[in-house]
Amino acid sequence: MEELINYFEAYNSEVLAPYRELISTKEEDGSIYPPYIPHVGKDYSKYGILMYGMAQNISKPWDALVKKSRREKVMQMKDAKKYTDIAIAPYEVMLALAGLYIYAKFGDVFYKFQEIHESIAVSNYYKFSLNNGSDINPNREISQHMCAELYWSENDKLASKELQELKPNTLIFFGGRHESAIKKSAEKCIKINDPSWVLQGGGGHLKNTGSWYRDCDDGTAIALVESYLTQIGGRYLSKTEALKIYLLKYFSDWK
């Protein structure tokens, strides 16, 4: 891991200077932040599960990040002791999915997000946030602003380095143009719908009469979902029933 940390710390972020105006993770003088190492839970090796979000999607760095040294910026996720320290918007939903996956495939039961956090690795595939007043999706929307090839290739290179280091058994990720690169890097790759889809209504699929609804007679799975729903906050609080259907659909797929 030390070799990966050193590689990320030494990475020349100015390669991405053409995107400087769109990249939000930068110093006041415009210097672009270095990429960051994934969080790796202390029990990661037991299951070998790596989860990828998309990007941090922040309009500007929060104060605590601004004050960090270059190495501390590289280590911002690696050093996240608590799951609440991970700056990925849908991380709580990702933890719920990971908990259900671990139960479905290994039979181990974790009711608390902190336990799951300590059992997986997680990062964003894209290490440099994009925002021009609103979040820019690095998979699709960046090409509406400028040629995306350099941005994509640099992030692909960084992800390839961390995948070589972590060697995940299972990689759970949101779909996108990076899917083909990801599928070369793990024994099992699982593409999931970005949880923001739940917030957007799920296209009518997340109803008791919708195509994603699954009957579930596994009492433990239901108890896990009920526990997870009490730990998921923010905008998902008003989407409890849709989120339950979303989670149980994936559990049904994995079981």
# chains A, B, ... in the order shown; residues from 1 in each chain; ligands from 1
$ select_by_dssp --residues "region 52-136 of chain A" --states "helix (DSSP H, G or I)" --output "ChimeraX atom specification"
/A:63-66,70-74,83-85,91-106,113-117
$ residues_around --residues "region 73-83 of chain A" --least-positions-apart "3" --cutoff "6 Å" --atoms "only C-alpha atoms" --output "ChimeraX atom specification"
/A:35-39,68,70,86,114,117
$ write_last_selection --atoms "C-alpha atoms" --output "PDB file, in the first residue's frame"
ATOM      1  CA  PRO A  35      -5.760  11.887  -6.149  1.00  0.00           C
ATOM      2  CA  TYR A  36      -6.731  10.020  -3.001  1.00  0.00           C
ATOM      3  CA  ILE A  37      -6.184   6.462  -1.800  1.00  0.00           C
ATOM      4  CA  PRO A  38      -9.243   4.219  -1.186  1.00  0.00           C
ATOM      5  CA  HIS A  39     -10.517   3.478   2.282  1.00  0.00           C
ATOM      6  CA  LYS A  68      -4.608  19.261   5.020  1.00  0.00           C
ATOM      7  CA  ARG A  70      -0.620  17.053   0.285  1.00  0.00           C
ATOM      8  CA  ILE A  86     -16.315   9.074   3.862  1.00  0.00           C
ATOM      9  CA  GLN A 114     -19.534   0.757  11.009  1.00  0.00           C
ATOM     10  CA  HIS A 117     -17.274  -0.059   6.712  1.00  0.00           C
TER      11      HIS A 117
END
$ residues_around --residues "Val225 (chain A)" --least-positions-apart "4" --cutoff "7 Å" --atoms "only C-alpha atoms" --output "ChimeraX atom specification"
/A:221,229,244
$ closest_residue --among "A:Ser227, A:Ser252, A:Ser119, A:Ser196" --to "Trp212 (chain A)" --atoms "only C-alpha atoms"
A:Ser252
$ closest_residue --among "A:Ile49, A:Asp63, A:Arg177, A:Arg20" --to "Phe106 (chain A)" --atoms "only C-alpha atoms"
A:Ile49
$ residues_around --residues "region 99-104 of chain A" --least-positions-apart "3" --cutoff "7 Å" --atoms "only C-alpha atoms" --output "PyMOL selection string"
chain A and resi 95-96+107-110+116+251+254-255
$ write_last_selection --atoms "N, CA, C and O atoms" --output "compact mmCIF listing (two decimals), in the first residue's frame"
# COMPACT_ATOMS: atom_id res chain seq x y z
N LEU A 95 -23.19 1.04 1.72
CA LEU A 95 -22.94 0.15 2.86
C LEU A 95 -24.07 -0.85 3.04
O LEU A 95 -23.84 -2.03 3.34
N ALA A 96 -25.31 -0.39 2.86
CA ALA A 96 -26.46 -1.29 2.96
C ALA A 96 -26.37 -2.38 1.89
O ALA A 96 -26.62 -3.57 2.17
N GLY A 107 -23.16 -15.43 4.32
CA GLY A 107 -23.97 -15.78 5.48
C GLY A 107 -23.65 -14.98 6.73
O GLY A 107 -24.24 -15.22 7.79
N ASP A 108 -22.75 -14.02 6.62
CA ASP A 108 -22.39 -13.20 7.78
C ASP A 108 -23.34 -12.01 7.89
O ASP A 108 -23.73 -11.42 6.88
N VAL A 109 -23.70 -11.67 9.12
CA VAL A 109 -24.73 -10.67 9.35
C VAL A 109 -24.14 -9.46 10.08
O VAL A 109 -23.59 -9.58 11.17
N PHE A 110 -24.23 -8.30 9.44
CA PHE A 110 -23.79 -7.05 10.04
C PHE A 110 -24.96 -6.07 10.03
O PHE A 110 -25.42 -5.66 8.97
N ILE A 116 -19.71 -2.87 8.59
CA ILE A 116 -19.55 -3.08 7.14
C ILE A 116 -18.41 -2.22 6.62
O ILE A 116 -17.59 -2.68 5.80
N PHE A 251 -30.67 -7.93 -3.23
CA PHE A 251 -30.50 -9.12 -2.40
C PHE A 251 -31.05 -10.34 -3.13
O PHE A 251 -30.43 -11.42 -3.14
N TRP A 254 -28.65 -11.55 -5.73
CA TRP A 254 -27.43 -12.15 -5.21
C TRP A 254 -27.68 -13.49 -4.51
O TRP A 254 -26.80 -14.34 -4.46
N LYS A 255 -28.85 -13.64 -3.94
CA LYS A 255 -29.17 -14.86 -3.22
C LYS A 255 -29.41 -16.01 -4.20
O LYS A 255 -29.05 -17.11 -4.01
$ residues_around --residues "Arg140 (chain A)" --least-positions-apart "3" --cutoff "9 Å" --atoms "only C-alpha atoms" --output "number ranges by chain"
A: 136-137, 143-144, 176-177
$ closest_residue --among "A:His178, A:Asn208, A:Leu237, A:Thr25" --to "Glu149 (chain A)" --atoms "only C-alpha atoms"
A:His178
$ select_by_dssp --residues "region 81-164 of chain A" --states "strand (DSSP E)" --output "MDAnalysis selection string"
chainID A and resid 121:124
